[in-house]
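One structure is given below, encoded as structure tokens.
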Amino acid sequence: MATIPNGQGVDALGWDPAEKLIYIPAGRDSSVTIVHEDSPDKYHVVATVTTASGAKTISVDTVKHTAYLFQPVYGPAPSNAPQGESGRRVRGPVIGAFLYIITH
């Protein structure tokens with residue numbers, strides 16, 4: 001077992017088994033930590049890539065050895081928008097998006 005340093009707001013991982021790379025998106029810290037598995041209990045951080053706040057949806061193409069992150073950009077919610085079940089106001093419409101492509 002090992003502890004891997006990474007950012008805040010992690011709820012997903014990407015894994016490239018051929019390259020032994022773990023991609024750890026941290027939505028609150030606006031980053032992706034890229035970690036190499038040296039052995040089953042030894043890892044080292046290869047890089048930390050800056051992304052947009054909230055970017056955490058990740059997919060890894062294990063043939064092209066490329067990681068993809070997507071983060072929508074929301075416009076303002078209507079002034080009369082109701083609160084959601086969590087107590088927060090609903091988001092506005094998607095008005096744009098960021099696509100991050102990480103290759104090595």
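Labeling convention for the structure tokens: chains A, B, ... as they appear, residues from 1 per chain, ligands from 1 in order of appearance.
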Shell around Ile4 in chain A at 12 Å using only C-alpha atoms, local window under 5 positions removed, as JSON, numbers by chain: {"A": [22, 23, 24, 33, 34, 35, 36, 37, 41, 42, 43, 44, 45, 46]}
With a distance cut-off of 12 Å and only C-alpha atoms, select the neighbouring residues of range 56-73 of chain A, excluding the residue or stretch itself and same-chain residues fewer than 3 positions from it, and output the selection as an MDAnalysis selection string. chainID A and resid 7:34 49:53 76 91:104
Only C-alpha atoms, please: the residues just picked out, written as a compact mmCIF listing (two decimals), in the first residue's frame.
# COMPACT_ATOMS: atom_id res chain seq x y z
CA GLY A 7 -4.98 17.66 -5.04
CA GLN A 8 -8.40 18.19 -3.47
CA GLY A 9 -11.70 17.16 -5.02
CA VAL A 10 -10.67 13.77 -6.44
CA ASP A 11 -13.51 11.42 -7.35
CA ALA A 12 -12.10 9.58 -10.35
CA LEU A 13 -8.88 8.04 -11.66
CA GLY A 14 -7.51 7.28 -15.08
CA TRP A 15 -5.17 4.32 -15.62
CA ASP A 16 -2.91 3.42 -18.53
CA PRO A 17 -1.71 -0.11 -17.73
CA ALA A 18 0.84 -0.32 -20.55
CA GLU A 19 2.55 2.91 -19.46
CA LYS A 20 1.83 2.28 -15.75
CA LEU A 21 0.50 5.83 -15.43
CA ILE A 22 -2.26 6.94 -13.06
CA TYR A 23 -4.08 10.19 -13.83
CA ILE A 24 -5.63 11.80 -10.74
CA PRO A 25 -7.91 14.76 -11.58
CA ALA A 26 -8.53 17.15 -8.67
CA GLY A 27 -11.50 19.37 -9.50
CA ARG A 28 -11.16 21.75 -6.55
CA ASP A 29 -7.43 22.28 -7.11
CA SER A 30 -7.75 22.61 -10.90
CA SER A 31 -5.08 20.02 -11.61
CA VAL A 32 -4.30 16.49 -12.76
CA THR A 33 -1.51 14.65 -10.97
CA ILE A 34 0.23 12.12 -13.20
CA VAL A 49 -1.01 19.61 -15.11
CA THR A 50 -3.16 22.70 -14.52
CA THR A 51 -6.79 22.45 -15.64
CA ALA A 52 -10.01 24.40 -15.08
CA SER A 53 -11.75 24.43 -11.74
CA PRO A 76 -25.75 32.32 -15.18
CA ARG A 91 -26.67 25.84 -12.66
CA GLY A 92 -27.25 27.89 -15.74
CA PRO A 93 -27.01 26.48 -19.25
CA VAL A 94 -23.76 25.16 -20.67
CA ILE A 95 -22.28 27.96 -22.76
CA GLY A 96 -18.85 26.52 -23.51
CA ALA A 97 -16.41 23.82 -22.52
CA PHE A 98 -12.77 23.03 -21.96
CA LEU A 99 -11.25 19.82 -23.29
CA TYR A 100 -7.85 18.92 -21.88
CA ILE A 101 -5.74 16.41 -23.78
CA ILE A 102 -2.74 15.04 -21.93
CA THR A 103 -0.13 13.12 -23.93
CA HIS A 104 3.39 12.00 -23.25
Shortest interatomic distance to Ala47 in chain A - which of A:Gly75, A:Ser86, A:Asn80, A:Pro5, counting only C-alpha atoms: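 The shortest atom-to-atom distance to Ala47 in chain A comes from A:Pro5.
Atom pair CA of Ala55 in chain A / CA of Ser39 in chain A: separated by 28.5 Å.
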Which of chain A fall in strand (DSSP E), as an NGL selection string: :A and (14-16 or 21-26 or 31-39 or 42-50 or 57-61 or 66-74 or 94-103)
